[in-house]
file my_file.pdb (PDB, C-alpha atoms and all ligand atoms)
ATOM      1  CA  MET A   1     -28.292 -54.133 -24.340  1.00  0.00           C
ATOM      2  CA  LEU A   2     -25.968 -55.760 -21.834  1.00  0.00           C
ATOM      3  CA  PRO A   3     -22.696 -54.613 -23.427  1.00  0.00           C
ATOM      4  CA  ALA A   4     -24.151 -51.094 -23.745  1.00  0.00           C
ATOM      5  CA  ILE A   5     -24.996 -51.055 -20.029  1.00  0.00           C
ATOM      6  CA  ALA A   6     -21.539 -52.349 -19.180  1.00  0.00           C
ATOM      7  CA  GLU A   7     -20.041 -49.711 -21.474  1.00  0.00           C
ATOM      8  CA  SER A   8     -22.015 -46.930 -19.864  1.00  0.00           C
ATOM      9  CA  ARG A   9     -21.007 -48.203 -16.405  1.00  0.00           C
ATOM     10  CA  ASP A  10     -17.384 -48.170 -17.572  1.00  0.00           C
ATOM     11  CA  ALA A  11     -17.802 -44.671 -18.930  1.00  0.00           C
ATOM     12  CA  THR A  12     -19.187 -43.520 -15.580  1.00  0.00           C
ATOM     13  CA  ALA A  13     -16.301 -45.126 -13.717  1.00  0.00           C
ATOM     14  CA  GLU A  14     -13.903 -43.496 -16.171  1.00  0.00           C
ATOM     15  CA  GLN A  15     -15.611 -40.134 -15.715  1.00  0.00           C
ATOM     16  CA  ARG A  16     -15.387 -40.543 -11.961  1.00  0.00           C
ATOM     17  CA  LYS A  17     -11.681 -41.259 -12.288  1.00  0.00           C
ATOM     18  CA  MET A  18     -11.249 -38.100 -14.371  1.00  0.00           C
ATOM     19  CA  GLN A  19     -13.286 -36.055 -11.900  1.00  0.00           C
ATOM     20  CA  ASP A  20     -11.142 -37.376  -9.062  1.00  0.00           C
ATOM     21  CA  LEU A  21      -8.064 -36.448 -11.039  1.00  0.00           C
ATOM     22  CA  PHE A  22      -9.294 -32.893 -11.584  1.00  0.00           C
ATOM     23  CA  SER A  23     -10.493 -32.512  -8.034  1.00  0.00           C
ATOM     24  CA  ILE A  24      -7.024 -33.257  -6.653  1.00  0.00           C
ATOM     25  CA  PRO A  25      -5.996 -29.809  -5.472  1.00  0.00           C
ATOM     26  CA  PRO A  26      -2.811 -28.518  -7.083  1.00  0.00           C
ATOM     27  CA  GLU A  27       0.265 -28.448  -4.909  1.00  0.00           C
ATOM     28  CA  LEU A  28      -0.104 -25.110  -3.187  1.00  0.00           C
ATOM     29  CA  PRO A  29       2.761 -22.791  -2.313  1.00  0.00           C
ATOM     30  CA  ASP A  30       4.271 -22.956   1.148  1.00  0.00           C
ATOM     31  CA  GLY A  31       2.288 -20.778   3.485  1.00  0.00           C
ATOM     32  CA  PHE A  32      -1.138 -21.381   1.944  1.00  0.00           C
ATOM     33  CA  SER A  33      -3.452 -23.356   4.266  1.00  0.00           C
ATOM     34  CA  TYR A  34      -7.032 -24.284   3.570  1.00  0.00           C
ATOM     35  CA  PHE A  35      -9.757 -25.394   6.015  1.00  0.00           C
ATOM     36  CA  PRO A  36     -12.976 -26.557   4.318  1.00  0.00           C
ATOM     37  CA  ASP A  37     -16.183 -26.498   6.390  1.00  0.00           C
ATOM     38  CA  PHE A  38     -14.676 -24.039   8.828  1.00  0.00           C
ATOM     39  CA  LEU A  39     -18.200 -22.728   9.493  1.00  0.00           C
ATOM     40  CA  SER A  40     -21.371 -24.756   9.927  1.00  0.00           C
ATOM     41  CA  GLU A  41     -24.432 -23.666   7.933  1.00  0.00           C
ATOM     42  CA  ALA A  42     -25.896 -22.067  11.065  1.00  0.00           C
ATOM     43  CA  GLU A  43     -22.654 -20.155  11.732  1.00  0.00           C
ATOM     44  CA  GLU A  44     -22.583 -18.955   8.126  1.00  0.00           C
ATOM     45  CA  GLU A  45     -26.142 -17.615   8.525  1.00  0.00           C
ATOM     46  CA  GLU A  46     -25.139 -15.817  11.723  1.00  0.00           C
ATOM     47  CA  VAL A  47     -22.048 -14.221  10.126  1.00  0.00           C
ATOM     48  CA  LEU A  48     -24.175 -13.122   7.144  1.00  0.00           C
ATOM     49  CA  ARG A  49     -26.635 -11.533   9.535  1.00  0.00           C
ATOM     50  CA  LEU A  50     -23.767  -9.612  11.166  1.00  0.00           C
ATOM     51  CA  ILE A  51     -22.417  -8.502   7.772  1.00  0.00           C
ATOM     52  CA  ARG A  52     -25.853  -7.269   6.682  1.00  0.00           C
ATOM     53  CA  GLU A  53     -26.033  -5.086   9.808  1.00  0.00           C
ATOM     54  CA  GLN A  54     -23.003  -3.140   8.526  1.00  0.00           C
ATOM     55  CA  SER A  55     -23.129  -0.602   5.713  1.00  0.00           C
ATOM     56  CA  LEU A  56     -20.980  -1.874   2.892  1.00  0.00           C
ATOM     57  CA  ARG A  57     -20.028   0.750   0.299  1.00  0.00           C
ATOM     58  CA  PRO A  58     -18.667   0.469  -3.250  1.00  0.00           C
ATOM     59  CA  MET A  59     -14.912   0.204  -3.001  1.00  0.00           C
ATOM     60  CA  ILE A  60     -12.856   2.932  -4.655  1.00  0.00           C
ATOM     61  CA  PHE A  61      -9.502   1.611  -5.794  1.00  0.00           C
ATOM     62  CA  GLN A  62      -7.008   4.060  -7.307  1.00  0.00           C
ATOM     63  CA  GLY A  63      -9.816   6.438  -8.274  1.00  0.00           C
ATOM     64  CA  PHE A  64     -12.114   3.808  -9.802  1.00  0.00           C
ATOM     65  CA  GLU A  65     -15.231   2.269  -8.339  1.00  0.00           C
ATOM     66  CA  ALA A  66     -14.723  -1.495  -8.104  1.00  0.00           C
ATOM     67  CA  ARG A  67     -17.688  -3.860  -8.465  1.00  0.00           C
ATOM     68  CA  ARG A  68     -17.463  -4.916  -4.881  1.00  0.00           C
ATOM     69  CA  LYS A  69     -18.698  -3.371  -1.671  1.00  0.00           C
ATOM     70  CA  THR A  70     -16.671  -3.306   1.495  1.00  0.00           C
ATOM     71  CA  ALA A  71     -16.684  -2.246   5.116  1.00  0.00           C
ATOM     72  CA  GLY A  72     -13.315  -2.095   6.873  1.00  0.00           C
ATOM     73  CA  PHE A  73     -12.530  -1.953  10.580  1.00  0.00           C
ATOM     74  CA  GLY A  74      -9.298  -1.580  12.470  1.00  0.00           C
ATOM     75  CA  TYR A  75      -6.255  -0.602  10.419  1.00  0.00           C
ATOM     76  CA  ASP A  76      -6.611   0.240   6.744  1.00  0.00           C
ATOM     77  CA  TYR A  77      -3.945   0.972   4.142  1.00  0.00           C
ATOM     78  CA  HIS A  78      -4.419   4.044   1.960  1.00  0.00           C
ATOM     79  CA  PHE A  79      -2.769   3.496  -1.391  1.00  0.00           C
ATOM     80  CA  ASP A  80      -2.641   7.249  -2.162  1.00  0.00           C
ATOM     81  CA  SER A  81      -0.686   8.222   0.954  1.00  0.00           C
ATOM     82  CA  ARG A  82       0.901   4.733   1.281  1.00  0.00           C
ATOM     83  CA  ARG A  83       0.129   4.816   4.973  1.00  0.00           C
ATOM     84  CA  LEU A  84      -1.843   2.859   7.487  1.00  0.00           C
ATOM     85  CA  HIS A  85      -4.824   4.591   9.060  1.00  0.00           C
ATOM     86  CA  LYS A  86      -6.657   3.553  12.160  1.00  0.00           C
ATOM     87  CA  GLY A  87     -10.349   3.329  11.382  1.00  0.00           C
ATOM     88  CA  LYS A  88     -13.460   2.297  13.309  1.00  0.00           C
ATOM     89  CA  PRO A  89     -12.874  -0.392  15.942  1.00  0.00           C
ATOM     90  CA  ILE A  90     -13.636  -3.970  15.011  1.00  0.00           C
ATOM     91  CA  PRO A  91     -17.266  -4.606  16.084  1.00  0.00           C
ATOM     92  CA  GLN A  92     -17.539  -6.779  19.188  1.00  0.00           C
ATOM     93  CA  ALA A  93     -20.115  -8.967  17.442  1.00  0.00           C
ATOM     94  CA  PHE A  94     -17.343 -10.383  15.218  1.00  0.00           C
ATOM     95  CA  LEU A  95     -15.143 -11.432  18.134  1.00  0.00           C
ATOM     96  CA  PRO A  96     -16.446 -15.042  18.320  1.00  0.00           C
ATOM     97  CA  LEU A  97     -15.682 -15.491  14.591  1.00  0.00           C
ATOM     98  CA  ILE A  98     -12.225 -13.950  15.011  1.00  0.00           C
ATOM     99  CA  ALA A  99     -11.550 -16.144  18.047  1.00  0.00           C
ATOM    100  CA  LYS A 100     -12.588 -19.253  16.100  1.00  0.00           C
ATOM    101  CA  ALA A 101     -10.348 -18.325  13.156  1.00  0.00           C
ATOM    102  CA  GLY A 102      -7.471 -17.544  15.538  1.00  0.00           C
ATOM    103  CA  LYS A 103      -7.857 -20.905  17.266  1.00  0.00           C
ATOM    104  CA  THR A 104      -7.863 -22.802  13.958  1.00  0.00           C
ATOM    105  CA  LEU A 105      -4.862 -20.884  12.623  1.00  0.00           C
ATOM    106  CA  GLY A 106      -2.837 -20.640  15.840  1.00  0.00           C
ATOM    107  CA  ILE A 107      -2.934 -16.838  15.704  1.00  0.00           C
ATOM    108  CA  PRO A 108      -3.913 -14.941  18.872  1.00  0.00           C
ATOM    109  CA  PRO A 109      -7.124 -13.020  18.061  1.00  0.00           C
ATOM    110  CA  SER A 110      -5.511  -9.798  19.329  1.00  0.00           C
ATOM    111  CA  HIS A 111      -3.021 -10.004  16.445  1.00  0.00           C
ATOM    112  CA  PHE A 112      -5.732  -9.341  13.880  1.00  0.00           C
ATOM    113  CA  ALA A 113      -5.531  -5.629  13.161  1.00  0.00           C
ATOM    114  CA  GLN A 114      -8.022  -5.466  10.334  1.00  0.00           C
ATOM    115  CA  LEU A 115     -11.445  -6.934   9.620  1.00  0.00           C
ATOM    116  CA  LEU A 116     -12.644  -6.395   6.059  1.00  0.00           C
ATOM    117  CA  LEU A 117     -16.135  -7.387   4.938  1.00  0.00           C
ATOM    118  CA  THR A 118     -16.612  -7.720   1.187  1.00  0.00           C
ATOM    119  CA  GLU A 119     -19.680  -8.319  -0.955  1.00  0.00           C
ATOM    120  CA  TYR A 120     -19.049  -9.500  -4.518  1.00  0.00           C
ATOM    121  CA  ALA A 121     -21.870  -9.259  -7.057  1.00  0.00           C
ATOM    122  CA  PRO A 122     -22.001 -12.153  -9.547  1.00  0.00           C
ATOM    123  CA  GLY A 123     -19.405 -11.632 -12.302  1.00  0.00           C
ATOM    124  CA  THR A 124     -17.025  -9.661 -10.056  1.00  0.00           C
ATOM    125  CA  VAL A 125     -13.336 -10.456 -10.221  1.00  0.00           C
ATOM    126  CA  ILE A 126     -10.390  -9.612  -8.018  1.00  0.00           C
ATOM    127  CA  ASN A 127      -7.388  -8.876 -10.168  1.00  0.00           C
ATOM    128  CA  TRP A 128      -3.871 -10.132  -9.523  1.00  0.00           C
ATOM    129  CA  HIS A 129      -2.316  -8.504  -6.497  1.00  0.00           C
ATOM    130  CA  ARG A 130      -0.359  -8.972  -3.296  1.00  0.00           C
ATOM    131  CA  ASP A 131      -1.876  -7.417  -0.209  1.00  0.00           C
ATOM    132  CA  ALA A 132      -0.568  -4.050   0.974  1.00  0.00           C
ATOM    133  CA  PRO A 133       2.971  -4.184   2.408  1.00  0.00           C
ATOM    134  CA  PRO A 134       2.216  -3.342   6.073  1.00  0.00           C
ATOM    135  CA  PHE A 135      -0.056  -6.340   6.459  1.00  0.00           C
ATOM    136  CA  GLY A 136       1.349  -9.669   7.634  1.00  0.00           C
ATOM    137  CA  GLN A 137      -0.781 -12.800   7.606  1.00  0.00           C
ATOM    138  CA  ILE A 138      -4.011 -12.824   5.609  1.00  0.00           C
ATOM    139  CA  ALA A 139      -6.973 -15.037   6.518  1.00  0.00           C
ATOM    140  CA  GLY A 140     -10.124 -15.308   4.414  1.00  0.00           C
ATOM    141  CA  ILE A 141     -13.539 -16.786   5.245  1.00  0.00           C
ATOM    142  CA  SER A 142     -15.886 -17.380   2.303  1.00  0.00           C
ATOM    143  CA  LEU A 143     -19.666 -17.179   2.465  1.00  0.00           C
ATOM    144  CA  VAL A 144     -22.639 -17.945   0.189  1.00  0.00           C
ATOM    145  CA  SER A 145     -20.694 -19.011  -2.960  1.00  0.00           C
ATOM    146  CA  ASP A 146     -17.576 -20.954  -3.848  1.00  0.00           C
ATOM    147  CA  CYS A 147     -14.956 -19.124  -5.867  1.00  0.00           C
ATOM    148  CA  ARG A 148     -12.088 -20.006  -8.163  1.00  0.00           C
ATOM    149  CA  PHE A 149      -8.971 -18.817  -6.362  1.00  0.00           C
ATOM    150  CA  ARG A 150      -5.731 -18.425  -8.324  1.00  0.00           C
ATOM    151  CA  LEU A 151      -2.111 -18.035  -7.300  1.00  0.00           C
ATOM    152  CA  ARG A 152       0.904 -17.180  -9.455  1.00  0.00           C
ATOM    153  CA  PRO A 153       4.503 -16.250  -8.618  1.00  0.00           C
ATOM    154  CA  HIS A 154       5.024 -12.513  -8.085  1.00  0.00           C
ATOM    155  CA  ASP A 155       8.316 -12.681  -9.987  1.00  0.00           C
ATOM    156  CA  LYS A 156       7.315 -11.995 -13.618  1.00  0.00           C
ATOM    157  CA  SER A 157      10.010 -14.289 -15.003  1.00  0.00           C
ATOM    158  CA  ARG A 158       8.356 -17.208 -13.146  1.00  0.00           C
ATOM    159  CA  GLN A 159       4.797 -16.460 -14.312  1.00  0.00           C
ATOM    160  CA  THR A 160       4.580 -19.406 -16.681  1.00  0.00           C
ATOM    161  CA  ARG A 161       1.344 -21.202 -17.522  1.00  0.00           C
ATOM    162  CA  SER A 162       2.431 -24.251 -15.554  1.00  0.00           C
ATOM    163  CA  ALA A 163       3.212 -22.177 -12.452  1.00  0.00           C
ATOM    164  CA  LEU A 164      -0.404 -20.983 -12.193  1.00  0.00           C
ATOM    165  CA  LYS A 165      -2.419 -22.641  -9.401  1.00  0.00           C
ATOM    166  CA  SER A 166      -6.185 -22.540  -9.705  1.00  0.00           C
ATOM    167  CA  PHE A 167      -8.491 -24.230  -7.220  1.00  0.00           C
ATOM    168  CA  THR A 168     -11.900 -23.913  -5.615  1.00  0.00           C
ATOM    169  CA  VAL A 169     -12.258 -22.078  -2.339  1.00  0.00           C
ATOM    170  CA  GLU A 170     -15.581 -23.259  -0.975  1.00  0.00           C
ATOM    171  CA  ARG A 171     -18.230 -21.326   0.879  1.00  0.00           C
ATOM    172  CA  ARG A 172     -17.854 -21.713   4.671  1.00  0.00           C
ATOM    173  CA  SER A 173     -14.112 -22.393   4.292  1.00  0.00           C
ATOM    174  CA  LEU A 174     -11.155 -20.559   5.782  1.00  0.00           C
ATOM    175  CA  TYR A 175      -7.785 -19.981   4.143  1.00  0.00           C
ATOM    176  CA  LEU A 176      -4.547 -18.472   5.376  1.00  0.00           C
ATOM    177  CA  MET A 177      -1.772 -16.861   3.367  1.00  0.00           C
ATOM    178  CA  THR A 178       1.496 -16.437   5.173  1.00  0.00           C
ATOM    179  CA  GLY A 179       5.223 -16.800   4.374  1.00  0.00           C
ATOM    180  CA  ALA A 180       5.933 -17.497   0.690  1.00  0.00           C
ATOM    181  CA  ALA A 181       2.245 -17.614  -0.322  1.00  0.00           C
ATOM    182  CA  ARG A 182       1.841 -14.107   1.087  1.00  0.00           C
ATOM    183  CA  GLN A 183       5.162 -12.634  -0.061  1.00  0.00           C
ATOM    184  CA  ASP A 184       6.296 -14.414  -3.198  1.00  0.00           C
ATOM    185  CA  TRP A 185       2.900 -15.174  -4.769  1.00  0.00           C
ATOM    186  CA  GLU A 186       0.042 -13.033  -6.060  1.00  0.00           C
ATOM    187  CA  HIS A 187      -3.584 -14.024  -5.863  1.00  0.00           C
ATOM    188  CA  SER A 188      -6.725 -13.289  -7.857  1.00  0.00           C
ATOM    189  CA  ILE A 189     -10.334 -14.498  -8.025  1.00  0.00           C
ATOM    190  CA  ALA A 190     -11.931 -15.528 -11.337  1.00  0.00           C
ATOM    191  CA  PRO A 191     -15.349 -14.018 -12.277  1.00  0.00           C
ATOM    192  CA  LEU A 192     -17.805 -15.143  -9.637  1.00  0.00           C
ATOM    193  CA  LYS A 193     -20.776 -17.258 -10.646  1.00  0.00           C
ATOM    194  CA  GLY A 194     -22.943 -16.076  -7.755  1.00  0.00           C
ATOM    195  CA  LEU A 195     -23.117 -13.530  -4.970  1.00  0.00           C
ATOM    196  CA  ARG A 196     -20.230 -14.070  -2.553  1.00  0.00           C
ATOM    197  CA  TYR A 197     -19.186 -12.526   0.742  1.00  0.00           C
ATOM    198  CA  SER A 198     -15.821 -12.750   2.403  1.00  0.00           C
ATOM    199  CA  VAL A 199     -14.434 -11.825   5.782  1.00  0.00           C
ATOM    200  CA  THR A 200     -10.734 -10.982   5.566  1.00  0.00           C
ATOM    201  CA  LEU A 201      -8.593 -10.785   8.688  1.00  0.00           C
ATOM    202  CA  ARG A 202      -5.127  -9.271   8.476  1.00  0.00           C
ATOM    203  CA  THR A 203      -2.324  -9.011  10.994  1.00  0.00           C
ATOM    204  CA  LEU A 204       0.280  -6.256  10.796  1.00  0.00           C
ATOM    205  CA  ARG A 205       3.937  -6.859  10.266  1.00  0.00           C
ATOM    206  CA  GLY A 206       6.527  -6.138  12.917  1.00  0.00           C
ATOM    207  CA  LEU A 207       4.399  -4.349  15.494  1.00  0.00           C
ATOM    208  CA  PRO A 208       3.683  -5.335  19.073  1.00  0.00           C
ATOM    209  CA  ALA A 209       0.582  -7.436  19.495  1.00  0.00           C
ATOM    210  CA  ASP A 210      -1.495  -4.813  21.268  1.00  0.00           C
ATOM    211  CA  TYR A 211      -2.847  -2.957  18.246  1.00  0.00           C
ATOM    212  CA  GLY A 212      -5.568  -5.403  17.303  1.00  0.00           C
ATOM    213  CA  ILE A 213      -8.863  -6.323  18.833  1.00  0.00           C
ATOM    214  CA  LYS A 214      -9.343  -6.476  22.564  1.00  0.00           C
ATOM    215  CA  PRO A 215     -11.166  -9.678  23.540  1.00  0.00           C
TER     216      PRO A 215
HETATM  217  O1  LIG B 301     -12.382 -12.376  -0.955  1.00  0.00           O
HETATM  218  C1  LIG B 301     -11.307 -12.947  -0.781  1.00  0.00           C
HETATM  219  O2  LIG B 301     -11.228 -14.091  -0.313  1.00  0.00           O
HETATM  220  C2  LIG B 301     -10.006 -12.277  -1.214  1.00  0.00           C
HETATM  221  C3  LIG B 301      -9.979 -10.807  -0.956  1.00  0.00           C
HETATM  222  C4  LIG B 301      -8.724 -10.143  -1.431  1.00  0.00           C
HETATM  223  O3  LIG B 301      -7.910 -10.694  -2.125  1.00  0.00           O
HETATM  224  C5  LIG B 301      -8.481  -8.761  -1.026  1.00  0.00           C
HETATM  225  O4  LIG B 301      -9.362  -8.112  -0.423  1.00  0.00           O
HETATM  226  O5  LIG B 301      -7.362  -8.254  -1.289  1.00  0.00           O
END
call {"tool": "encode", "arguments": {"input": "my_file.pdb", "output": "structure tokens"}}
result
Amino acid sequence: MLPAIAESRDATAEQRKMQDLFSIPPELPDGFSYFPDFLSEAEEEEVLRLIREQSLRPMIFQGFEARRKTAGFGYDYHFDSRRLHKGKPIPQAFLPLIAKAGKTLGIPPSHFAQLLLTEYAPGTVINWHRDAPPFGQIAGISLVSDCRFRLRPHDKSRQTRSALKSFTVERRSLYLMTGAARQDWEHSIAPLKGLRYSVTLRTLRGLPADYGIKP
């Protein structure tokens, strides 16, 4: 009995070591920042309540209905006309969340020109893409479920298996993509295990800082 117990203890220690090894986040590209526990549980509930007050509609992307629902505010990019359009103003109720994200990221809240609310049904993916060209920095807040976030170089010749970064983005976390992570890398989300919501905040490139929200 004793050796078996010792063996099973060893196995557990070994497993823990392996888990630790796999939970070490991969080295992320320059410009990707991650803030776990950005929201408390109570704040997450409050943001969910605000999202549920909005009417999210199935997203149409290049003529097809995607399996996610969205509601966008502020500036939006239309892929057909390849132009930015000014939509409904960002609801005041989201200002405290935007201010908190801005404070954490060192971005003045007025620089955020778009607020995008997204609901992902279980099983939904986001395919490989870079965000639309007029947008600058991209911040994402995750709610309800974790997701498997992936990054790969945009340059096809560098899209090797070993260049792929795959890591968990937890519920209640905040991430930022700027610089190389925004420009030289693409991102995607693996099929979601559960319902997930995200709040995406985008700045615009090269415009004065008076186009965004007014605190
Ligand atoms: O939900 C997210 O965190 C990512 C959203 C995204 O990549 C997008 O809307 O382009």
call {"tool": "residues_around", "arguments": {"input": "my_file.pdb", "residues": "Val125 in chain A", "least_positions_apart": "2", "cutoff": "6 Å", "atoms": "all atoms listed in the file", "output": "list of chain:residue names"}}
result
A:Ile189, A:Ala190, A:Pro191
call {"tool": "closest_residue", "arguments": {"input": "my_file.pdb", "among": "A:Arg67, A:Phe79, A:Leu50, A:His111", "to": "Gln92 in chain A", "atoms": "only C-alpha atoms"}}
result
A:Leu50
call {"tool": "axis_aligned_box", "arguments": {"input": "my_file.pdb", "around": "range 31-35 of chain A", "padding_each_side": "8 Å", "output": "AutoDock Vina command-line options"}}
result
--center_x -3.7 --center_y -23.1 --center_z 4.0 --size_x 28.0 --size_y 20.6 --size_z 20.1
call {"tool": "closest_atom_pairs", "arguments": {"input": "my_file.pdb", "of": "chain A", "to": "ligand LIG 301 (chain B)", "cutoff": "9 Å", "atoms": "only C-alpha atoms and all ligand atoms", "output": "JSON lines"}}
result
{"residue": "A:Thr70", "atom": "CA", "partner": "B:LIG301", "partner_atom": "O4", "distance": 9.0}
{"residue": "A:Leu116", "atom": "CA", "partner": "B:LIG301", "partner_atom": "O4", "distance": 7.5}
{"residue": "A:Leu117", "atom": "CA", "partner": "B:LIG301", "partner_atom": "O1", "distance": 8.6}
{"residue": "A:Thr118", "atom": "CA", "partner": "B:LIG301", "partner_atom": "O1", "distance": 6.6}
{"residue": "A:Glu119", "atom": "CA", "partner": "B:LIG301", "partner_atom": "O1", "distance": 8.3}
{"residue": "A:Tyr120", "atom": "CA", "partner": "B:LIG301", "partner_atom": "O1", "distance": 8.1}
{"residue": "A:Ile126", "atom": "CA", "partner": "B:LIG301", "partner_atom": "O3", "distance": 6.5}
{"residue": "A:Asn127", "atom": "CA", "partner": "B:LIG301", "partner_atom": "O3", "distance": 8.3}
{"residue": "A:Trp128", "atom": "CA", "partner": "B:LIG301", "partner_atom": "O3", "distance": 8.4}
{"residue": "A:His129", "atom": "CA", "partner": "B:LIG301", "partner_atom": "O5", "distance": 7.3}
{"residue": "A:Arg130", "atom": "CA", "partner": "B:LIG301", "partner_atom": "O5", "distance": 7.3}
{"residue": "A:Asp131", "atom": "CA", "partner": "B:LIG301", "partner_atom": "O5", "distance": 5.7}
{"residue": "A:Ala132", "atom": "CA", "partner": "B:LIG301", "partner_atom": "O5", "distance": 8.3}
{"residue": "A:Ile138", "atom": "CA", "partner": "B:LIG301", "partner_atom": "C4", "distance": 8.9}
{"residue": "A:Ala139", "atom": "CA", "partner": "B:LIG301", "partner_atom": "O2", "distance": 8.1}
{"residue": "A:Gly140", "atom": "CA", "partner": "B:LIG301", "partner_atom": "O2", "distance": 5.0}
{"residue": "A:Ile141", "atom": "CA", "partner": "B:LIG301", "partner_atom": "O2", "distance": 6.6}
{"residue": "A:Ser142", "atom": "CA", "partner": "B:LIG301", "partner_atom": "O2", "distance": 6.3}
{"residue": "A:Cys147", "atom": "CA", "partner": "B:LIG301", "partner_atom": "O2", "distance": 8.4}
{"residue": "A:Phe149", "atom": "CA", "partner": "B:LIG301", "partner_atom": "O2", "distance": 8.0}
{"residue": "A:Val169", "atom": "CA", "partner": "B:LIG301", "partner_atom": "O2", "distance": 8.3}
{"residue": "A:Leu174", "atom": "CA", "partner": "B:LIG301", "partner_atom": "O2", "distance": 8.9}
{"residue": "A:Tyr175", "atom": "CA", "partner": "B:LIG301", "partner_atom": "O2", "distance": 8.1}
{"residue": "A:His187", "atom": "CA", "partner": "B:LIG301", "partner_atom": "O3", "distance": 6.6}
{"residue": "A:Ser188", "atom": "CA", "partner": "B:LIG301", "partner_atom": "O3", "distance": 6.4}
{"residue": "A:Ile189", "atom": "CA", "partner": "B:LIG301", "partner_atom": "C2", "distance": 7.2}
{"residue": "A:Arg196", "atom": "CA", "partner": "B:LIG301", "partner_atom": "O1", "distance": 8.2}
{"residue": "A:Tyr197", "atom": "CA", "partner": "B:LIG301", "partner_atom": "O1", "distance": 7.0}
{"residue": "A:Ser198", "atom": "CA", "partner": "B:LIG301", "partner_atom": "O1", "distance": 4.8}
{"residue": "A:Val199", "atom": "CA", "partner": "B:LIG301", "partner_atom": "O1", "distance": 7.1}
{"residue": "A:Thr200", "atom": "CA", "partner": "B:LIG301", "partner_atom": "C3", "distance": 6.6}
call {"tool": "residues_near_point", "arguments": {"input": "my_file.pdb", "point": "(-16.3, -4.0, -3.5)", "cutoff": "9 Å", "atoms": "all atoms listed in the file", "output": "ChimeraX atom specification"}}
result
/A:56-60,65-71,118-121,124
call {"tool": "atom_distance", "arguments": {"input": "my_file.pdb", "atom1": "CA of Gly123 in chain A", "atom2": "CA of Arg49 in chain A"}}
result
23.0 Å
call {"tool": "resolve_selection", "arguments": {"input": "my_file.pdb", "expression": "the PyMOL selection byres (((chain A and resi 113) around 12) and not hetatm)", "output": "compact mmCIF listing (two decimals) with C-alpha atoms, keeping the file's coordinate frame"}}
result
# COMPACT_ATOMS: atom_id res chain seq x y z
CA GLY A 72 -13.32 -2.10 6.87
CA PHE A 73 -12.53 -1.95 10.58
CA GLY A 74 -9.30 -1.58 12.47
CA TYR A 75 -6.26 -0.60 10.42
CA ASP A 76 -6.61 0.24 6.74
CA TYR A 77 -3.94 0.97 4.14
CA LEU A 84 -1.84 2.86 7.49
CA HIS A 85 -4.82 4.59 9.06
CA LYS A 86 -6.66 3.55 12.16
CA GLY A 87 -10.35 3.33 11.38
CA LYS A 88 -13.46 2.30 13.31
CA PRO A 89 -12.87 -0.39 15.94
CA ILE A 90 -13.64 -3.97 15.01
CA ILE A 98 -12.22 -13.95 15.01
CA ILE A 107 -2.93 -16.84 15.70
CA PRO A 108 -3.91 -14.94 18.87
CA PRO A 109 -7.12 -13.02 18.06
CA SER A 110 -5.51 -9.80 19.33
CA HIS A 111 -3.02 -10.00 16.44
CA PHE A 112 -5.73 -9.34 13.88
CA GLN A 114 -8.02 -5.47 10.33
CA LEU A 115 -11.44 -6.93 9.62
CA LEU A 116 -12.64 -6.40 6.06
CA PRO A 134 2.22 -3.34 6.07
CA PHE A 135 -0.06 -6.34 6.46
CA GLY A 136 1.35 -9.67 7.63
CA GLN A 137 -0.78 -12.80 7.61
CA ILE A 138 -4.01 -12.82 5.61
CA ALA A 139 -6.97 -15.04 6.52
CA THR A 200 -10.73 -10.98 5.57
CA LEU A 201 -8.59 -10.78 8.69
CA ARG A 202 -5.13 -9.27 8.48
CA THR A 203 -2.32 -9.01 10.99
CA LEU A 204 0.28 -6.26 10.80
CA ARG A 205 3.94 -6.86 10.27
CA LEU A 207 4.40 -4.35 15.49
CA PRO A 208 3.68 -5.34 19.07
CA ALA A 209 0.58 -7.44 19.50
CA ASP A 210 -1.50 -4.81 21.27
CA TYR A 211 -2.85 -2.96 18.25
CA GLY A 212 -5.57 -5.40 17.30
CA ILE A 213 -8.86 -6.32 18.83
CA LYS A 214 -9.34 -6.48 22.56
call {"tool": "closest_residue", "arguments": {"input": "my_file.pdb", "among": "A:Gly106, A:Pro153, A:Pro91, A:Pro96", "to": "Lys165 in chain A", "atoms": "only C-alpha atoms"}}
result
A:Pro153
call {"tool": "resolve_selection", "arguments": {"input": "my_file.pdb", "expression": "the PyMOL selection byres (((chain A and resi 32-35) around 8) and not hetatm)", "output": "list in words"}}
result
Leu28, Pro29, Asp30, Gly31, Pro36, Asp37, Phe38, Ser173, Leu174, Tyr175, Leu176, Met177, Thr178, Ala181 and Arg182 of chain A
call {"tool": "atom_distance", "arguments": {"input": "my_file.pdb", "atom1": "CA of Arg161 in chain A", "atom2": "CA of Gln183 in chain A"}}
result
19.8 Å
call {"tool": "closest_residue", "arguments": {"input": "my_file.pdb", "among": "A:Arg171, A:Arg52, A:Glu41, A:Asp184", "to": "Leu143 in chain A", "atoms": "all atoms listed in the file"}}
result
A:Arg171
call {"tool": "decode", "arguments": {"input": "my_file.pdb", "residues": "range 170-174 of chain A", "atoms": "N, CA and C atoms", "output": "PDB file, in the first residue's frame"}}
result
ATOM      1  N   GLU A 170      -9.643  34.776 -20.031  1.00  0.00           N
ATOM      2  CA  GLU A 170     -10.647  34.430 -19.026  1.00  0.00           C
ATOM      3  C   GLU A 170     -11.800  35.424 -18.982  1.00  0.00           C
ATOM      4  N   ARG A 171     -12.935  34.906 -18.495  1.00  0.00           N
ATOM      5  CA  ARG A 171     -14.066  35.813 -18.254  1.00  0.00           C
ATOM      6  C   ARG A 171     -13.615  36.871 -17.240  1.00  0.00           C
ATOM      7  N   ARG A 172     -14.135  38.049 -17.365  1.00  0.00           N
ATOM      8  CA  ARG A 172     -13.841  39.213 -16.506  1.00  0.00           C
ATOM      9  C   ARG A 172     -12.457  39.826 -16.769  1.00  0.00           C
ATOM     10  N   SER A 173     -11.770  39.319 -17.824  1.00  0.00           N
ATOM     11  CA  SER A 173     -10.443  39.887 -18.119  1.00  0.00           C
ATOM     12  C   SER A 173     -10.571  41.000 -19.167  1.00  0.00           C
ATOM     13  N   LEU A 174      -9.462  41.689 -19.331  1.00  0.00           N
ATOM     14  CA  LEU A 174      -9.345  42.741 -20.350  1.00  0.00           C
ATOM     15  C   LEU A 174      -8.075  42.468 -21.139  1.00  0.00           C
TER      16      LEU A 174
END
